[in-house]
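**Student:** Questions regarding the structure given below will be posed in turn.
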Amino acid sequence: MRAVNVPLPLEGVRVIDLTGVWAGSFSTAILGDLGAEVLKAENQYVWQPLTRGSRAHPTPDEVKAYPSTICFPDNDPGSRSWNYCSLFVGMFRNKRSFTVDLRRPEGREILGRVVAQADAVIENSTVGTMEKLGITYEWLREQREDIIFVRASGYGLTGEYSDARTLGIHLESVMGHQLLRGYQPEEPILGVFAADYVSGTQIALSVLLALWHRNNTGKGQFIELAQAENAAAMFSQAYLDYALTGNVQDAIGNRSIYAADGVAPCGVYPCLPAEEGGDGDDCWIAITVSNDEEWAALRSVMGNPDWAGSPELATGAGRVASQDLLDEKIAEWTRGFEDEALFHRLQQVGVPAAPVLHSWRVLGDPHVQAHGLYEPCEIEDDIGVYSYPTPLYRLPASEGGIRRPPVALGQDNDYVYRELLGVSDEEYDRLVAEGHIATTFHESVR
């Protein structure tokens with residue numbers, strides 16, 4: 001039985017979230033999952049691109065044309081789309097939201113009063129944004145001397161690229177990671193955002209280390225974290241390969257990076273199309289053969305076709321040299337099977353395989369369900385109960401999971417202004433009238 005009276009690791013730690021998009025939002029999601037009280041500071045007059053959605057006030061017709069990463073329950077954006085856009089809800093669990101217009105001196109003064117009661121401040125904007133707002137490490141230390149301030153811009157605070165606006169996709173292109181993805185001789189595949197998640201984990205780790213440092217020394221820290229440097233870590237093997245052997249790696253598609261060890265065939269192969277679902281109903285199965293025993297098992301399942309008995313394919317090295325032929329022949333075979341049935345058939349004989357699931361099939365996958373990767377909860381506006389991503393890890397002695405559903409804009413204004421700052425009713429009403437306190441984005445924000 002879980003001992004729910006055991007606190008989460010960061011219980012009692014307060015983090016001010018000035019981040020946007022994915023890298024920053026993911027970092028504070030991790031800290032919130034660990035028990036930190038994350039206060040997301042938002043502004044009704046400023047739309048953070050790709051944070052709570054692509055636009056504040058999309059029409060139903062616009063929503064129908066959006067990619068699957070930006071969708072809404074029943075394809076209806078509603079009157080407050082920013083509270084339940086798919087782009088947002090996956091990373092705004094276990095957080096609080098308050099609104100304040102940081103562009104005005106009074107807004108910065110309000111933030112300063114919150115900083116005085118906080119442990120860390122995190123931002124990942126383009127260099128110059130915080131400077132224009134007057135939010136510097138020196139100013140933050142005036143509010144709380146031992147504050148931890150993390151600045152996670154794309155390319156660092158100085159240097160040739162420092163003022164470049166960037167997303168994870170741009171970082172990876174500049175660093176060269178995109179050149180390692182794709183299918184030769186085609187163009188690189190660009191629509192992947194892995195750098196955001198790598199940076200998010202490192203931002204969170206930097207806060208954990210800074211808290212440890214402060215607990216031991218009593219001193220806060222200023223942390224500069226260039227996301228590009230974190231993106232480079234994703235392909236350190238390519239750097240090492242070049243440094244040690246002079247080999248310049250290129251894209252290998254779905255083939256194994258361990259081909260030199262005889263891992264082949266390794267790929268994703270077509271299956272019978274799905275009978276129902278959303279866009280992209282074509283189905284695929286991933287198959288990897290790591291040794292001669294697995295190759296023999298695969299040959300047997302395929303019915304030992306003549307081509308598979310070729311002496312050249314009897315060894316791992318021979319199979320690696322014949323990967324084009326293997327991909328062609330295996331694809332011809334897999335096309336006649338439903339992916340789930342073939343998956344079980346292959347695994348039963350010891351061949352590693354798995355279906356490549358459409359997004360609409362993931363929630364029903366028994367492995368996903370067994371691991372509790374999604375949790376039902378209800379968010380603002382009475383739109384119903386939906387499944388949302390849960391933390392990536394479990395802390396058996398603590399009450400983890402989704403303690404607070406994805407937070408609505410300004411949902412915790414009362415908590416921040418009345419409880420933390422102790423403003424009077426009259427002052428609260430004035431701040432509402434002057435636009436600091438809100439629960440909707442201003443109509444001028446499109």
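Chain labels run A, B, ... following the order of the structure tokens; each chain numbers its residues from 1, and ligands are numbered from 1 in the order shown.
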Write out as a PyMOL selection string each polymer residue whose atoms come within 6 Å of Gly220 of chain A, counting only C-alpha atoms; drop sequence neighbours fewer than 3 positions from it.
**Tutor:** chain A and resi 146-148+214
**Student:** Which residues are close to Leu18 of chain A, i.e. within 6 Å by only C-alpha atoms, leaving aside same-chain residues fewer than 5 positions away? Reply as a compact mmCIF listing (two decimals) with N, CA and C atoms, in the first residue's frame.
**Tutor:**
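Result saved to selection-v3.txt:
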# COMPACT_ATOMS: atom_id res chain seq x y z
N ALA A 41 3.10 32.42 -14.50
CA ALA A 41 2.73 33.82 -14.66
C ALA A 41 2.32 34.07 -16.11
N ILE A 122 12.23 30.53 -13.71
CA ILE A 122 12.71 29.90 -14.95
C ILE A 122 12.12 30.63 -16.15
N GLU A 123 12.97 30.92 -17.13
CA GLU A 123 12.49 31.52 -18.39
C GLU A 123 13.28 30.93 -19.55
**Student:** Pull the alpha helix (DSSP H) assignments for segment 69-125 of chain A out of DSSP run on the backbone, and list those residues as number ranges by chain.
**Tutor:** A: 86-89, 105-115
**Student:** Can you write just those residues out, all heavy atoms, as a tab-separated table (two decimals), in the first residue's frame?
**Tutor:**
chain	number	residue	atom	x	y	z
A	86	SER	N	-4.85	20.63	-27.04
A	86	SER	CA	-3.97	19.48	-26.81
A	86	SER	C	-2.51	19.89	-26.69
A	86	SER	O	-1.72	19.21	-26.03
A	86	SER	CB	-4.13	18.47	-27.95
A	86	SER	OG	-3.78	19.07	-29.20
A	87	LEU	N	-2.13	20.97	-27.36
A	87	LEU	CA	-0.74	21.42	-27.31
A	87	LEU	C	-0.34	21.83	-25.90
A	87	LEU	O	0.82	21.77	-25.52
A	87	LEU	CB	-0.57	22.63	-28.25
A	87	LEU	CG	0.85	23.07	-28.59
A	87	LEU	CD1	1.53	22.01	-29.43
A	87	LEU	CD2	0.82	24.39	-29.34
A	88	PHE	N	-1.34	22.20	-25.10
A	88	PHE	CA	-1.10	22.75	-23.78
A	88	PHE	C	-1.31	21.75	-22.65
A	88	PHE	O	-0.52	21.66	-21.72
A	88	PHE	CB	-1.99	23.98	-23.60
A	88	PHE	CG	-2.65	24.11	-22.26
A	88	PHE	CD1	-1.94	24.60	-21.18
A	88	PHE	CD2	-3.96	23.73	-22.08
A	88	PHE	CE1	-2.54	24.72	-19.94
A	88	PHE	CE2	-4.57	23.85	-20.86
A	88	PHE	CZ	-3.86	24.34	-19.78
A	89	VAL	N	-2.39	20.98	-22.71
A	89	VAL	CA	-2.82	20.23	-21.53
A	89	VAL	C	-1.81	19.17	-21.08
A	89	VAL	O	-1.75	18.82	-19.91
A	89	VAL	CB	-4.20	19.57	-21.76
A	89	VAL	CG1	-5.28	20.62	-21.91
A	89	VAL	CG2	-4.18	18.64	-22.97
A	105	PRO	N	5.26	48.79	-15.00
A	105	PRO	CA	6.02	48.81	-13.73
A	105	PRO	C	5.26	48.16	-12.58
A	105	PRO	O	5.87	47.45	-11.77
A	105	PRO	CB	6.24	50.31	-13.49
A	105	PRO	CG	6.23	50.91	-14.86
A	105	PRO	CD	5.21	50.12	-15.64
A	106	GLU	N	3.96	48.38	-12.50
A	106	GLU	CA	3.20	47.78	-11.42
A	106	GLU	C	3.20	46.26	-11.53
A	106	GLU	O	3.24	45.55	-10.51
A	106	GLU	CB	1.76	48.30	-11.41
A	106	GLU	CG	0.95	47.76	-10.24
A	106	GLU	CD	-0.46	48.30	-10.20
A	106	GLU	OE1	-1.08	48.43	-11.29
A	106	GLU	OE2	-0.95	48.58	-9.09
A	107	GLY	N	3.17	45.75	-12.76
A	107	GLY	CA	3.21	44.31	-12.95
A	107	GLY	C	4.51	43.71	-12.46
A	107	GLY	O	4.53	42.65	-11.82
A	108	ARG	N	5.62	44.40	-12.75
A	108	ARG	CA	6.91	43.91	-12.27
A	108	ARG	C	6.98	43.98	-10.75
A	108	ARG	O	7.55	43.10	-10.10
A	108	ARG	CB	8.06	44.71	-12.89
A	108	ARG	CG	9.41	44.05	-12.69
A	108	ARG	CD	10.53	44.81	-13.34
A	108	ARG	NE	10.84	46.03	-12.61
A	108	ARG	CZ	12.08	46.46	-12.39
A	108	ARG	NH1	13.12	45.77	-12.82
A	108	ARG	NH2	12.30	47.58	-11.75
A	109	GLU	N	6.38	45.01	-10.16
A	109	GLU	CA	6.36	45.13	-8.71
A	109	GLU	C	5.58	43.98	-8.09
A	109	GLU	O	5.98	43.40	-7.07
A	109	GLU	CB	5.75	46.47	-8.32
A	109	GLU	CG	5.78	46.77	-6.83
A	109	GLU	CD	4.57	46.26	-6.07
A	109	GLU	OE1	3.50	46.12	-6.70
A	109	GLU	OE2	4.69	45.96	-4.87
A	110	ILE	N	4.47	43.60	-8.74
A	110	ILE	CA	3.68	42.46	-8.26
A	110	ILE	C	4.50	41.18	-8.34
A	110	ILE	O	4.55	40.38	-7.40
A	110	ILE	CB	2.38	42.33	-9.07
A	110	ILE	CG1	1.45	43.50	-8.75
A	110	ILE	CG2	1.69	41.00	-8.79
A	110	ILE	CD1	0.24	43.59	-9.68
A	111	LEU	N	5.18	41.00	-9.48
A	111	LEU	CA	6.03	39.81	-9.63
A	111	LEU	C	7.10	39.78	-8.56
A	111	LEU	O	7.39	38.72	-7.99
A	111	LEU	CB	6.66	39.78	-11.02
A	111	LEU	CG	7.60	38.60	-11.28
A	111	LEU	CD1	6.82	37.29	-11.31
A	111	LEU	CD2	8.37	38.78	-12.59
A	112	GLY	N	7.69	40.93	-8.28
A	112	GLY	CA	8.73	40.99	-7.27
A	112	GLY	C	8.25	40.52	-5.90
A	112	GLY	O	8.97	39.84	-5.16
A	113	ARG	N	7.02	40.84	-5.57
A	113	ARG	CA	6.46	40.41	-4.29
A	113	ARG	C	6.25	38.89	-4.26
A	113	ARG	O	6.37	38.26	-3.20
A	113	ARG	CB	5.14	41.15	-4.03
A	113	ARG	CG	5.34	42.64	-3.77
A	113	ARG	CD	4.04	43.40	-3.92
A	113	ARG	NE	3.01	42.97	-2.95
A	113	ARG	CZ	1.75	43.34	-3.02
A	113	ARG	NH1	1.33	44.14	-4.00
A	113	ARG	NH2	0.90	42.92	-2.09
A	114	VAL	N	5.95	38.32	-5.41
A	114	VAL	CA	5.83	36.86	-5.48
A	114	VAL	C	7.21	36.21	-5.42
A	114	VAL	O	7.42	35.20	-4.74
A	114	VAL	CB	5.08	36.43	-6.76
A	114	VAL	CG1	4.94	34.91	-6.80
A	114	VAL	CG2	3.72	37.09	-6.85
A	115	VAL	N	8.19	36.81	-6.13
A	115	VAL	CA	9.56	36.29	-6.12
A	115	VAL	C	10.10	36.23	-4.70
A	115	VAL	O	10.83	35.29	-4.33
A	115	VAL	CB	10.47	37.16	-7.01
A	115	VAL	CG1	11.94	36.78	-6.82
A	115	VAL	CG2	10.07	37.01	-8.48
**Student:** Rank A:Ile437, A:Ala354, A:Val21, A:Ala243 by their smallest atom-to-atom distance to Val268 of chain A, using only C-alpha atoms, and report the top residue only.
**Tutor:**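 Closest to Val268 of chain A of all the choices is A:Ala354.
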